[in-house]
file target.cif (mmCIF, C-alpha atoms)
data_coords
loop_
_atom_site.label_atom_id
_atom_site.label_comp_id
_atom_site.auth_asym_id
_atom_site.auth_seq_id
_atom_site.Cartn_x
_atom_site.Cartn_y
_atom_site.Cartn_z
CA MET A 98 26.73 19.11 -208.41
CA LEU A 99 26.72 20.76 -204.99
CA ALA A 100 30.28 21.01 -203.68
CA ARG A 101 31.28 20.12 -200.12
CA ARG A 102 32.36 23.33 -198.45
CA ILE A 103 35.78 23.92 -196.90
CA ILE A 104 35.38 26.60 -194.25
CA PRO A 105 38.30 28.15 -192.38
CA CYS A 106 37.16 29.47 -189.02
CA LEU A 107 38.80 32.58 -187.70
CA ASP A 108 38.44 32.99 -183.96
CA VAL A 109 38.80 36.70 -183.40
CA LYS A 110 39.88 38.55 -180.29
CA ASP A 111 40.47 42.31 -180.56
CA ARG A 112 40.57 42.15 -184.40
CA ALA A 113 43.32 39.49 -184.36
CA VAL A 114 42.80 35.86 -185.25
CA VAL A 115 43.67 33.50 -182.42
CA LYS A 116 43.59 29.75 -181.96
CA GLY A 117 43.65 27.70 -178.78
CA VAL A 118 43.63 24.02 -177.97
CA ARG A 119 40.28 22.77 -176.70
CA PHE A 120 39.16 26.39 -176.50
CA ARG A 121 41.97 27.32 -174.08
CA ALA A 122 45.32 29.10 -174.18
CA HIS A 123 44.80 31.37 -177.17
CA GLU A 124 47.70 32.33 -179.35
CA ARG A 125 47.66 35.11 -181.94
CA VAL A 126 47.95 33.98 -185.58
CA GLY A 127 47.34 37.15 -187.59
CA ASP A 128 45.23 40.14 -188.65
CA ALA A 129 41.62 39.21 -189.46
CA VAL A 130 41.15 41.07 -192.77
CA ALA A 131 44.57 40.01 -194.08
CA LEU A 132 43.87 36.36 -193.26
CA ALA A 133 40.41 36.62 -194.82
CA GLU A 134 41.97 37.79 -198.08
CA THR A 135 44.56 35.01 -197.97
CA TYR A 136 41.87 32.36 -197.53
CA ARG A 137 39.69 33.91 -200.24
CA ASP A 138 42.59 33.69 -202.67
CA ALA A 139 43.38 30.12 -201.61
CA GLY A 140 39.87 28.98 -202.56
CA ALA A 141 38.05 28.85 -199.23
CA ASP A 142 34.34 28.34 -199.92
CA GLU A 143 33.17 30.37 -196.98
CA LEU A 144 34.62 31.93 -193.83
CA VAL A 145 33.38 32.05 -190.27
CA PHE A 146 34.47 34.86 -187.96
CA TYR A 147 33.84 34.08 -184.37
CA ASP A 148 34.35 36.80 -181.79
CA ILE A 149 35.22 34.39 -179.04
CA THR A 150 35.01 36.82 -176.17
CA ALA A 151 31.94 38.85 -177.09
CA SER A 152 29.46 36.30 -175.77
CA ALA A 153 31.27 35.63 -172.51
CA GLU A 154 31.90 39.34 -171.88
CA ARG A 155 28.29 40.18 -172.86
CA ARG A 156 29.17 42.69 -175.54
CA THR A 157 28.19 42.69 -179.21
CA LEU A 158 30.71 42.62 -181.98
CA ASP A 159 32.20 45.44 -183.91
CA TYR A 160 30.11 46.20 -187.00
CA GLY A 161 32.78 48.36 -188.68
CA TRP A 162 35.02 45.35 -188.77
CA VAL A 163 32.24 43.22 -190.31
CA ARG A 164 31.96 45.84 -193.03
CA GLU A 165 35.71 45.75 -193.69
CA ILE A 166 35.57 41.99 -194.14
CA ALA A 167 32.52 42.27 -196.42
CA HIS A 168 34.33 44.84 -198.50
CA ALA A 169 37.31 42.55 -199.02
CA LEU A 170 35.49 39.28 -199.74
CA ASP A 171 33.65 37.93 -202.78
CA ILE A 172 32.76 34.68 -201.01
CA PRO A 173 30.15 34.26 -198.28
CA PHE A 174 30.96 34.69 -194.62
CA CYS A 175 29.26 34.22 -191.31
CA VAL A 176 29.79 36.19 -188.12
CA ALA A 177 29.28 34.97 -184.60
CA GLY A 178 29.77 36.19 -181.10
CA GLY A 179 27.56 38.16 -178.79
CA ILE A 180 24.60 38.57 -181.15
CA ARG A 181 21.82 38.74 -178.56
CA SER A 182 19.08 40.66 -180.37
CA VAL A 183 17.32 40.86 -183.72
CA GLU A 184 18.74 44.38 -184.11
CA ALA A 185 22.32 43.14 -183.68
CA ALA A 186 21.76 40.34 -186.19
CA VAL A 187 20.23 42.70 -188.75
CA LYS A 188 23.13 45.12 -188.27
CA CYS A 189 25.60 42.36 -189.09
CA LEU A 190 23.65 41.46 -192.23
CA GLU A 191 23.30 45.11 -193.26
CA ASN A 192 27.05 45.51 -192.92
CA GLY A 193 27.63 42.70 -195.39
CA ALA A 194 27.61 39.44 -193.43
CA ASP A 195 25.75 36.65 -195.22
CA LYS A 196 24.81 34.78 -192.07
CA VAL A 197 24.90 35.19 -188.34
CA SER A 198 25.68 32.34 -186.02
CA ILE A 199 23.91 32.34 -182.68
CA ASN A 200 25.31 30.25 -179.85
CA SER A 201 25.13 31.17 -176.15
CA PRO A 202 22.39 33.84 -176.55
CA ALA A 203 20.11 31.27 -178.21
CA LEU A 204 20.60 28.97 -175.23
CA GLU A 205 19.65 31.82 -172.90
CA ARG A 206 16.60 32.75 -174.99
CA PRO A 207 15.71 30.25 -177.75
CA ASP A 208 13.05 32.62 -179.21
CA LEU A 209 15.94 34.65 -180.61
CA ILE A 210 16.30 32.06 -183.39
CA ASP A 211 12.60 32.40 -184.36
CA GLU A 212 12.79 36.19 -184.24
CA ILE A 213 15.85 36.54 -186.47
CA ALA A 214 14.52 33.94 -188.92
CA ALA A 215 11.21 35.82 -189.15
CA VAL A 216 12.92 39.09 -190.06
CA ALA A 217 15.95 38.00 -192.08
CA GLY A 218 14.98 34.54 -193.30
CA SER A 219 16.18 31.13 -192.11
CA GLN A 220 19.04 31.11 -194.61
CA CYS A 221 20.74 33.85 -192.57
CA VAL A 222 20.47 32.07 -189.21
CA VAL A 223 23.08 29.54 -188.17
CA ALA A 224 22.85 27.81 -184.83
CA GLY A 225 26.34 27.27 -183.48
CA VAL A 226 26.48 24.45 -180.96
CA ASP A 227 29.43 23.55 -178.72
CA SER A 228 29.02 19.96 -177.71
CA LEU A 229 30.90 17.71 -175.29
CA HIS A 230 30.70 13.95 -174.80
CA VAL A 231 29.48 13.20 -171.27
CA ASN A 232 28.18 9.87 -169.90
CA ASN A 233 27.58 8.24 -173.30
CA ASP A 234 25.62 11.23 -174.56
CA TRP A 235 26.40 14.69 -175.89
CA PHE A 236 25.60 17.91 -174.08
CA VAL A 237 25.66 21.56 -175.08
CA TYR A 238 28.10 23.98 -173.44
CA GLN A 239 27.94 27.76 -173.44
CA TYR A 240 30.25 30.77 -172.99
CA THR A 241 33.06 28.58 -174.31
CA GLY A 242 35.09 31.58 -175.49
CA SER A 243 36.37 32.03 -171.96
CA GLU A 244 37.68 29.25 -169.78
CA ALA A 245 36.30 30.80 -166.61
CA ALA A 246 32.83 31.33 -168.05
CA THR A 247 32.36 27.95 -169.79
CA GLN A 248 29.39 26.03 -168.41
CA GLU A 249 27.09 23.16 -169.26
CA SER A 250 23.73 24.36 -170.58
CA GLY A 251 21.70 21.41 -169.34
CA ARG A 252 20.59 20.55 -172.86
CA ARG A 253 21.22 17.37 -174.81
CA THR A 254 22.94 18.21 -178.10
CA LEU A 255 20.60 16.17 -180.29
CA ASP A 256 17.50 17.71 -178.65
CA TRP A 257 18.86 21.21 -179.03
CA ILE A 258 19.83 21.00 -182.72
CA LYS A 259 16.38 19.60 -183.56
CA GLU A 260 14.76 22.43 -181.63
CA ALA A 261 16.98 25.00 -183.34
CA GLN A 262 15.93 23.65 -186.73
CA GLU A 263 12.25 23.75 -185.77
CA ARG A 264 12.64 27.32 -184.58
CA GLY A 265 13.97 28.39 -187.98
CA ALA A 266 17.73 27.94 -188.05
CA GLY A 267 18.89 27.44 -191.65
CA GLU A 268 22.11 25.61 -190.79
CA ILE A 269 23.79 23.97 -187.80
CA VAL A 270 27.49 24.21 -187.04
CA LEU A 271 28.21 21.40 -184.61
CA ASN A 272 31.47 21.96 -182.82
CA CYS A 273 32.61 18.78 -181.13
CA MET A 274 34.67 20.19 -178.27
CA ASP A 275 36.40 16.91 -177.37
CA GLN A 276 38.02 17.11 -180.79
CA ASP A 277 38.72 20.83 -180.96
CA GLY A 278 42.31 21.77 -181.71
CA VAL A 279 43.72 18.28 -181.11
CA ARG A 280 43.68 17.27 -184.81
CA ALA A 281 42.60 13.68 -184.20
CA GLY A 282 39.74 13.74 -186.70
CA TYR A 283 36.13 14.89 -186.71
CA ASP A 284 33.63 13.16 -184.42
CA ILE A 285 31.97 11.10 -187.14
CA GLY A 286 29.61 9.29 -184.75
CA GLN A 287 28.19 12.45 -183.26
CA LEU A 288 27.96 14.22 -186.63
CA ARG A 289 26.25 11.23 -188.25
CA ALA A 290 23.69 11.17 -185.43
CA ALA A 291 23.09 14.89 -185.96
CA ARG A 292 22.87 14.54 -189.76
CA ASP A 293 20.25 11.81 -189.45
CA LEU A 294 18.06 14.09 -187.32
CA LEU A 295 18.25 17.22 -189.44
CA THR A 296 16.80 18.34 -192.77
CA ILE A 297 18.90 21.55 -192.91
CA PRO A 298 22.63 21.67 -193.78
CA LEU A 299 25.07 20.51 -191.10
CA ILE A 300 28.65 21.78 -190.82
CA ALA A 301 31.27 19.74 -188.97
CA SER A 302 33.65 21.51 -186.62
CA GLY A 303 36.49 20.36 -184.40
CA GLY A 304 39.24 17.83 -185.00
CA ALA A 305 40.65 18.34 -188.50
CA GLY A 306 44.30 17.29 -188.58
CA THR A 307 44.86 15.58 -191.92
CA MET A 308 43.39 15.72 -195.40
CA ALA A 309 41.89 12.27 -194.85
CA HIS A 310 39.88 13.62 -191.91
CA PHE A 311 37.96 15.81 -194.36
CA ARG A 312 37.25 12.87 -196.66
CA ASP A 313 36.15 10.78 -193.66
CA VAL A 314 33.67 13.35 -192.39
CA PHE A 315 32.16 13.98 -195.83
CA GLU A 316 31.83 10.27 -196.53
CA GLY A 317 31.03 9.10 -193.00
CA ALA A 318 28.71 11.84 -191.78
CA ASP A 319 27.47 13.35 -195.09
CA VAL A 320 28.00 16.90 -193.80
CA SER A 321 27.61 19.86 -196.18
CA GLY A 322 30.83 21.47 -195.06
CA ALA A 323 33.79 21.08 -192.78
CA LEU A 324 35.14 23.85 -190.66
CA ALA A 325 38.75 23.97 -189.53
CA ALA A 326 41.17 26.45 -188.05
CA SER A 327 44.58 25.32 -186.86
CA VAL A 328 45.44 23.14 -189.87
CA PHE A 329 45.00 26.18 -192.09
CA HIS A 330 46.40 28.85 -189.77
CA LYS A 331 49.49 26.73 -189.10
CA ASN A 332 49.79 25.75 -192.76
CA VAL A 333 49.74 22.01 -192.08
CA PHE A 334 48.39 21.85 -195.64
CA THR A 335 46.91 24.37 -198.03
CA ILE A 336 43.34 24.60 -199.27
CA PRO A 337 44.30 24.02 -202.94
CA ASP A 338 46.20 20.85 -201.97
CA LEU A 339 43.30 19.67 -199.81
CA LYS A 340 40.79 20.24 -202.61
CA GLU A 341 42.96 18.47 -205.16
CA ARG A 342 43.20 15.47 -202.87
CA LEU A 343 39.47 15.44 -202.09
CA ASP A 344 38.76 15.61 -205.81
CA GLN A 345 41.02 12.58 -206.38
CA TRP A 346 39.11 10.77 -203.64
CA GLY A 347 35.85 11.49 -205.45
CA VAL A 348 34.55 14.19 -203.10
CA SER A 349 32.84 17.04 -204.99
CA VAL A 350 34.69 20.30 -204.31
CA ARG A 351 34.81 23.71 -205.96
CA ARG A 352 38.12 24.24 -207.78
CA MET B 175 26.53 54.77 -216.22
CA SER B 176 24.21 54.76 -213.21
CA VAL B 177 23.06 51.62 -211.42
CA ALA B 178 20.06 51.62 -209.09
CA VAL B 179 20.02 48.85 -206.51
CA VAL B 180 16.52 48.48 -205.11
CA ASP B 181 16.41 48.43 -201.31
CA LEU B 182 13.34 46.58 -200.10
CA GLY B 183 14.39 47.07 -196.51
CA CYS B 184 15.69 43.67 -195.64
CA GLY B 185 18.86 41.67 -195.83
CA ASN B 186 22.36 41.86 -197.12
CA ILE B 187 22.63 44.56 -199.75
CA ALA B 188 26.06 45.80 -198.67
CA SER B 189 27.82 42.90 -200.38
CA MET B 190 26.10 43.74 -203.68
CA MET B 191 27.16 47.38 -203.35
CA PHE B 192 30.75 46.35 -202.59
CA ALA B 193 30.81 44.01 -205.59
CA LEU B 194 29.61 46.80 -207.90
CA GLU B 195 32.17 49.14 -206.38
CA ARG B 196 34.94 46.62 -207.13
CA LEU B 197 33.79 46.71 -210.78
CA GLY B 198 33.99 50.50 -210.82
CA ALA B 199 30.23 51.03 -211.20
CA ARG B 200 28.43 54.10 -209.85
CA ALA B 201 25.74 52.33 -207.87
CA ALA B 202 23.16 53.82 -205.51
CA LEU B 203 20.87 52.11 -203.10
CA THR B 204 17.34 53.40 -203.54
CA ARG B 205 13.67 52.93 -202.75
CA ALA B 206 12.48 55.79 -204.96
CA ALA B 207 10.59 55.15 -208.21
CA SER B 208 12.25 58.23 -209.77
CA ASP B 209 15.74 56.75 -209.24
CA ILE B 210 14.67 53.49 -210.88
CA ALA B 211 13.26 55.38 -213.85
CA ALA B 212 16.45 57.43 -214.24
CA ALA B 213 18.96 54.57 -213.86
CA ASP B 214 20.80 52.93 -216.76
CA ARG B 215 20.75 49.59 -214.96
CA VAL B 216 18.44 48.30 -212.23
CA ILE B 217 19.27 45.49 -209.83
CA LEU B 218 16.59 43.90 -207.66
CA PRO B 219 18.43 41.97 -204.96
CA GLY B 220 16.72 40.34 -202.09
CA VAL B 221 16.67 37.97 -199.25
CA GLY B 222 13.57 37.44 -197.17
CA THR B 223 10.22 36.19 -198.39
CA ALA B 224 8.35 36.70 -201.66
CA GLY B 225 5.23 37.94 -199.86
CA PHE B 226 7.11 40.57 -197.88
CA ALA B 227 9.06 41.70 -200.95
CA MET B 228 5.99 42.06 -203.19
CA ARG B 229 4.14 44.02 -200.49
CA GLN B 230 7.18 46.30 -200.15
CA ILE B 231 7.32 46.82 -203.92
CA ASP B 232 3.69 47.96 -203.89
CA ALA B 233 3.95 49.95 -200.66
CA LEU B 234 6.89 51.89 -202.12
CA GLY B 235 5.14 52.33 -205.47
CA LEU B 236 7.91 50.58 -207.41
CA ARG B 237 5.90 48.11 -209.49
CA ASP B 238 5.52 50.22 -212.64
CA GLY B 239 9.17 51.26 -212.57
CA LEU B 240 10.35 47.66 -212.26
CA MET B 241 7.97 46.49 -215.00
CA SER B 242 9.61 48.86 -217.47
CA ALA B 243 13.21 48.94 -216.16
CA ARG B 244 15.68 47.55 -218.75
CA PRO B 245 18.17 46.06 -218.37
CA LEU B 246 16.90 44.62 -215.09
CA LEU B 247 18.72 42.02 -213.01
CA GLY B 248 16.98 40.10 -210.25
CA VAL B 249 19.20 38.29 -207.75
CA CYS B 250 18.14 35.38 -205.54
CA LEU B 251 14.68 36.35 -204.22
CA GLY B 252 14.77 39.17 -206.80
CA HIS B 253 15.17 36.50 -209.50
CA GLN B 254 12.12 34.65 -208.16
CA LEU B 255 10.04 37.85 -208.16
CA LEU B 256 10.51 38.13 -211.94
CA PHE B 257 8.29 35.07 -212.48
CA GLU B 258 4.50 34.86 -212.56
CA ARG B 259 3.76 33.27 -209.25
CA SER B 260 5.53 31.96 -206.16
CA GLU B 261 4.47 29.08 -203.99
CA GLU B 262 6.10 30.93 -201.09
CA GLY B 263 3.11 32.68 -199.54
CA GLY B 264 1.11 32.03 -202.73
CA VAL B 265 1.83 35.49 -204.14
CA ASP B 266 1.94 36.79 -207.69
CA GLY B 267 5.34 37.96 -208.87
CA LEU B 268 6.06 40.67 -211.43
CA GLY B 269 5.33 38.26 -214.29
CA LEU B 270 8.19 39.50 -216.45
CA ILE B 271 9.32 35.93 -217.09
CA GLU B 272 7.02 33.03 -217.82
CA GLY B 273 6.81 30.33 -215.17
CA ASP B 274 6.23 29.69 -211.49
CA VAL B 275 8.45 29.39 -208.43
CA THR B 276 8.04 26.32 -206.27
CA ARG B 277 9.64 24.77 -203.20
CA LEU B 278 12.72 22.61 -203.78
CA GLN B 279 12.23 18.98 -202.79
CA GLY B 280 14.59 17.86 -200.05
CA ALA B 281 15.82 14.34 -199.36
CA PRO B 282 17.96 12.72 -196.65
CA ASP B 283 21.08 13.44 -198.72
CA ARG B 284 19.74 16.79 -199.96
CA PRO B 285 19.27 19.25 -197.12
CA ILE B 286 17.10 22.32 -197.61
CA PRO B 287 17.91 25.21 -198.01
CA HIS B 288 20.11 24.48 -201.01
CA MET B 289 23.16 26.22 -199.61
CA GLY B 290 26.65 26.32 -201.07
CA TRP B 291 28.54 26.23 -204.36
CA ASN B 292 26.89 24.44 -207.26
CA THR B 293 27.52 24.35 -210.99
CA LEU B 294 25.98 26.28 -213.86
CA ASP B 295 24.99 24.09 -216.79
CA ILE B 296 24.87 26.61 -219.58
CA ASP B 297 21.84 26.10 -221.84
CA GLN B 298 22.15 29.31 -223.87
CA PRO B 299 25.85 29.96 -224.57
CA ASP B 300 24.95 33.13 -226.48
CA CYS B 301 23.28 34.76 -223.48
CA PRO B 302 25.18 38.04 -223.00
CA LEU B 303 25.05 37.65 -219.21
CA LEU B 304 27.14 34.47 -219.49
CA LYS B 305 29.87 35.79 -221.76
CA GLY B 306 33.22 34.43 -220.55
CA VAL B 307 31.59 32.13 -217.97
CA GLU B 308 32.59 28.49 -218.34
CA ASP B 309 30.07 25.70 -218.48
CA GLY B 310 30.30 24.00 -215.08
CA ALA B 311 31.45 27.14 -213.24
CA PHE B 312 30.66 27.10 -209.51
CA VAL B 313 28.47 29.86 -208.05
CA TYR B 314 27.05 30.38 -204.57
CA PHE B 315 23.43 29.53 -203.80
CA VAL B 316 21.23 29.99 -200.73
CA HIS B 317 17.55 29.31 -201.37
CA THR B 318 14.55 27.11 -200.66
CA PHE B 319 12.38 28.00 -203.66
CA ALA B 320 13.28 27.90 -207.35
CA SER B 321 11.79 28.30 -210.80
CA HIS B 322 11.56 25.30 -213.10
CA ALA B 323 13.71 25.27 -216.19
CA GLY B 324 11.79 26.81 -219.14
CA PRO B 325 12.26 28.70 -222.40
CA SER B 326 13.89 31.65 -220.59
CA THR B 327 16.48 29.42 -218.88
CA ALA B 328 19.97 30.47 -219.92
CA ALA B 329 21.68 28.23 -217.36
CA SER B 330 20.32 25.53 -215.11
CA THR B 331 21.54 23.87 -211.95
CA ARG B 332 20.74 20.46 -210.55
CA TYR B 333 19.77 19.85 -206.93
CA GLY B 334 17.54 16.83 -207.20
CA GLU B 335 15.62 18.37 -210.06
CA ALA B 336 17.13 20.93 -212.45
CA PHE B 337 16.02 24.52 -211.88
CA SER B 338 16.58 27.79 -213.70
CA SER B 339 19.71 29.38 -212.24
CA VAL B 340 20.07 32.07 -214.91
CA ALA B 341 17.01 33.42 -216.71
CA ALA B 342 16.97 35.87 -219.61
CA ALA B 343 14.04 37.41 -221.51
CA ASP B 344 14.06 40.70 -223.43
CA GLY B 345 16.36 42.74 -221.24
CA VAL B 346 15.19 41.08 -218.03
CA TYR B 347 17.75 38.84 -216.33
CA GLY B 348 17.73 36.78 -213.20
CA CYS B 349 20.32 34.88 -211.16
CA GLN B 350 19.10 32.44 -208.52
CA PHE B 351 22.60 32.45 -206.99
CA HIS B 352 24.48 35.40 -205.49
CA PRO B 353 26.91 36.77 -208.11
CA GLU B 354 28.25 39.20 -205.51
CA ARG B 355 29.36 36.20 -203.43
CA SER B 356 30.45 33.91 -206.28
CA ALA B 357 34.12 34.81 -206.67
CA ALA B 358 35.40 35.29 -210.26
CA PRO B 359 32.42 33.81 -212.20
CA GLY B 360 30.04 36.03 -210.21
CA ALA B 361 32.12 39.14 -210.90
CA GLN B 362 32.14 38.25 -214.62
CA ILE B 363 28.33 38.00 -214.66
CA LEU B 364 27.90 41.36 -212.93
CA LYS B 365 30.45 42.89 -215.32
CA ASN B 366 28.50 41.46 -218.25
CA PHE B 367 25.30 43.00 -216.89
CA LEU B 368 26.97 46.41 -216.61
CA GLU B 369 28.30 46.10 -220.18
CA LEU B 370 25.04 44.98 -221.85
#
call {"tool": "encode", "arguments": {"input": "target.cif", "output": "structure tokens"}}
result
Amino acid sequence: MLARRIIPCLDVKDRAVVKGVRFRAHERVGDAVALAETYRDAGADELVFYDITASAERRTLDYGWVREIAHALDIPFCVAGGIRSVEAAVKCLENGADKVSINSPALERPDLIDEIAAVAGSQCVVAGVDSLHVNNDWFVYQYTGSEAATQESGRRTLDWIKEAQERGAGEIVLNCMDQDGVRAGYDIGQLRAARDLLTIPLIASGGAGTMAHFRDVFEGADVSGALAASVFHKNVFTIPDLKERLDQWGVSVRR
Amino acid sequence: MSVAVVDLGCGNIASMMFALERLGARAALTRAASDIAAADRVILPGVGTAGFAMRQIDALGLRDGLMSARPLLGVCLGHQLLFERSEEGGVDGLGLIEGDVTRLQGAPDRPIPHMGWNTLDIDQPDCPLLKGVEDGAFVYFVHTFASHAGPSTAASTRYGEAFSSVAAADGVYGCQFHPERSAAPGAQILKNFLEL
């Protein structure tokens, strides 16, 4: 039986993992490779490394560092941040990343999704979407790695994820920004609406604070995986404890 | 022992090389028929599409070498290329294992691609590739096409229908999942392949 994935997200700034509240006020939580190894050993199903400043500062990420992570891990990982060309995406994959997540650059030029999917296959292309609740709807934001650069993209979230899927994305990570870092639970309503639209896997992001939040999002929104950062970085609970609990609740997890 | 990892010019091969390195194997990435002929073990990895991969195999003149390479391990797309025919692009595979590759059927509660950790139901416990691997072990999958379970199926996995997740036939082996990304069970399977 396919297991629900537990995915620690490591926001990276200058090779260090950081975590802010609602994308602001970043604090340093540790070295990226060391944390990757810790999460691998704890039973993380997958890791996401997000270079939070690369997109906003218009630079691509550091491929040597991707290679170091690939060397250390025997579980899949995805890299994101500043991938604005097919060449950059292919370089990440060649250096050992399993997937690349495209966010702001895909909003600037949606054809980028089609182009990477054509060369590397849809399974390697994740569309990362930062979404905010505005006027009883959800809208996509971009350049969210930097407070000064953050802006509304003018796209409805549900329109954009459908378009991303049609263009060849193999997975959507929907980051519900209202929930990010505040640990009040995932946005089940928004994720359920997204799940009902999509035929590709959907990963929930933003809001994990308790073990029950994970159960709720798997049961309530039927997502394939749940991404979280602060609860793991701050050791609110461990991945083995979370998986044991989910298993008791009848959620299929890898143990 | 020398291991040739066939580079068809697309996708994530670094993780396979790192996994072999962790096991202490002397592995080389190659697209030369002579290296395949000289190697003690040949691994055909692959992401991308069946059509592209088969055209690359022929463009690089690797077909004969792969047809006679033993032991041979196909991984993910490489596993699918071992079969007779793929629905993806309607191309003929290498035909080393009987059977066809078809598209997985999705459903509202079964997104496609089949992506994530799923279990191995071991059908042939004596298969040397599965030595020390527990029935029900989780391994990591990312794919849209799969081969139906058949006589060569050493382990199967269920996603809607059951498909062949480990195939074995006369020195030819295939894994639909990524052993290089499947934690301890994956490492055990690669180790078994190196020790055949």
call {"tool": "resolve_selection", "arguments": {"input": "target.cif", "expression": "the PyMOL selection byres ((chain A and resi 190) around 9)", "output": "VMD selection string"}}
result
(chain A and resid 163 185 to 189 191 to 197 217 221) or (chain B and resid 184 to 188)
call {"tool": "interface_residues", "arguments": {"input": "target.cif", "of": "chain B", "to": "chain A", "cutoff": "10 Å", "atoms": "all atoms listed in the file", "output": "NGL selection string"}}
result
:B and (183-193 or 195-196 or 221-223 or 226 or 280-295 or 310-318 or 331-334 or 352-358 or 360-361)
call {"tool": "closest_residue", "arguments": {"input": "target.cif", "among": "A:Ala261, A:Val237, A:Ala246, A:Ala133", "to": "Ile199 in chain A", "atoms": "all atoms listed in the file"}}
result
A:Ala261
call {"tool": "closest_residue", "arguments": {"input": "target.cif", "among": "A:Asp313, A:Gln287, A:Ala224, A:Leu144", "to": "Arg264 in chain A", "atoms": "all atoms listed in the file"}}
result
A:Ala224
call {"tool": "atom_distance", "arguments": {"input": "target.cif", "atom1": "CA of Asp214 in chain B", "atom2": "CA of Leu251 in chain B"}}
result
21.7 Å
call {"tool": "resolve_selection", "arguments": {"input": "target.cif", "expression": "the PyMOL selection byres ((chain A and resi 340) around 9)", "output": "PyMOL selection string"}}
result
chain A and resi 103+140+308+335-339+341-345+348-352
call {"tool": "resolve_selection", "arguments": {"input": "target.cif", "expression": "the PyMOL selection byres ((chain A and resi 327) around 9)", "output": "PDB file with C-alpha atoms, in the frame of the given file"}}
result
ATOM      1  CA  PRO A 105      38.300  28.150-192.380  1.00  0.00           C
ATOM      2  CA  CYS A 106      37.160  29.470-189.020  1.00  0.00           C
ATOM      3  CA  LYS A 116      43.590  29.750-181.960  1.00  0.00           C
ATOM      4  CA  GLY A 117      43.650  27.700-178.780  1.00  0.00           C
ATOM      5  CA  GLY A 278      42.310  21.770-181.710  1.00  0.00           C
ATOM      6  CA  ARG A 280      43.680  17.270-184.810  1.00  0.00           C
ATOM      7  CA  ALA A 305      40.650  18.340-188.500  1.00  0.00           C
ATOM      8  CA  GLY A 306      44.300  17.290-188.580  1.00  0.00           C
ATOM      9  CA  ALA A 325      38.750  23.970-189.530  1.00  0.00           C
ATOM     10  CA  ALA A 326      41.170  26.450-188.050  1.00  0.00           C
ATOM     11  CA  VAL A 328      45.440  23.140-189.870  1.00  0.00           C
ATOM     12  CA  PHE A 329      45.000  26.180-192.090  1.00  0.00           C
ATOM     13  CA  HIS A 330      46.400  28.850-189.770  1.00  0.00           C
ATOM     14  CA  LYS A 331      49.490  26.730-189.100  1.00  0.00           C
ATOM     15  CA  ASN A 332      49.790  25.750-192.760  1.00  0.00           C
ATOM     16  CA  VAL A 333      49.740  22.010-192.080  1.00  0.00           C
TER      17      VAL A 333
END
call {"tool": "residues_around", "arguments": {"input": "target.cif", "residues": "Gly348 in chain B", "least_positions_apart": "3", "cutoff": "6 Å", "atoms": "all atoms listed in the file", "output": "ChimeraX atom specification"}}
result
/B:247-249,253,340-341
call {"tool": "atom_distance", "arguments": {"input": "target.cif", "atom1": "CA of Trp346 in chain A", "atom2": "CA of Ile104 in chain A"}}
result
18.8 Å
call {"tool": "atom_distance", "arguments": {"input": "target.cif", "atom1": "CA of Asp208 in chain A", "atom2": "CA of Ala320 in chain B"}}
result
28.5 Å
call {"tool": "closest_residue", "arguments": {"input": "target.cif", "among": "B:Met175, B:Leu304, B:Ile296, B:Ala206", "to": "Ala323 in chain B", "atoms": "all atoms listed in the file"}}
result
B:Ile296
call {"tool": "closest_residue", "arguments": {"input": "target.cif", "among": "A:Ala141, A:Leu204, A:Ile180, A:Ile210", "to": "Glu263 in chain A", "atoms": "all atoms listed in the file"}}
result
A:Ile210
call {"tool": "residues_around", "arguments": {"input": "target.cif", "residues": "Gly324 in chain B", "least_positions_apart": "5", "cutoff": "9 Å", "atoms": "all atoms listed in the file", "output": "number ranges by chain"}}
result
B: 272-273, 337-338, 341
call {"tool": "closest_residue", "arguments": {"input": "target.cif", "among": "B:Ala201, B:Pro325, B:Ala211, B:Leu218", "to": "Cys250 in chain B", "atoms": "only C-alpha atoms"}}
result
B:Leu218
call {"tool": "residues_around", "arguments": {"input": "target.cif", "residues": "Val179 in chain B", "least_positions_apart": "3", "cutoff": "6 Å", "atoms": "only C-alpha atoms", "output": "list of chain:residue names"}}
result
B:Ala202, B:Leu203, B:Val216, B:Ile217
call {"tool": "write_last_selection", "arguments": {"input": "target.cif", "atoms": "C-alpha atoms", "output": "CSV table (one decimal), in the coordinates of the input"}}
result
chain,number,residue,atom,x,y,z
B,202,ALA,CA,23.2,53.8,-205.5
B,203,LEU,CA,20.9,52.1,-203.1
B,216,VAL,CA,18.4,48.3,-212.2
B,217,ILE,CA,19.3,45.5,-209.8
call {"tool": "closest_residue", "arguments": {"input": "target.cif", "among": "B:Leu182, B:Tyr347, B:Ala212, B:Phe367", "to": "Ala233 in chain B", "atoms": "only C-alpha atoms"}}
result
B:Leu182
call {"tool": "residues_around", "arguments": {"input": "target.cif", "residues": "Gly251 in chain A", "least_positions_apart": "6", "cutoff": "12 Å", "atoms": "all atoms listed in the file", "output": "list in words"}}
result
Leu204, Glu205, Ser228, Leu229, Val231, Trp235, Phe236, Val237, Tyr238, Gln239 and Trp257 of chain A
call {"tool": "write_last_selection", "arguments": {"input": "target.cif", "atoms": "C-alpha atoms", "output": "CSV table (one decimal), in the coordinates of the input"}}
result
chain,number,residue,atom,x,y,z
A,204,LEU,CA,20.6,29.0,-175.2
A,205,GLU,CA,19.6,31.8,-172.9
A,228,SER,CA,29.0,20.0,-177.7
A,229,LEU,CA,30.9,17.7,-175.3
A,231,VAL,CA,29.5,13.2,-171.3
A,235,TRP,CA,26.4,14.7,-175.9
A,236,PHE,CA,25.6,17.9,-174.1
A,237,VAL,CA,25.7,21.6,-175.1
A,238,TYR,CA,28.1,24.0,-173.4
A,239,GLN,CA,27.9,27.8,-173.4
A,257,TRP,CA,18.9,21.2,-179.0
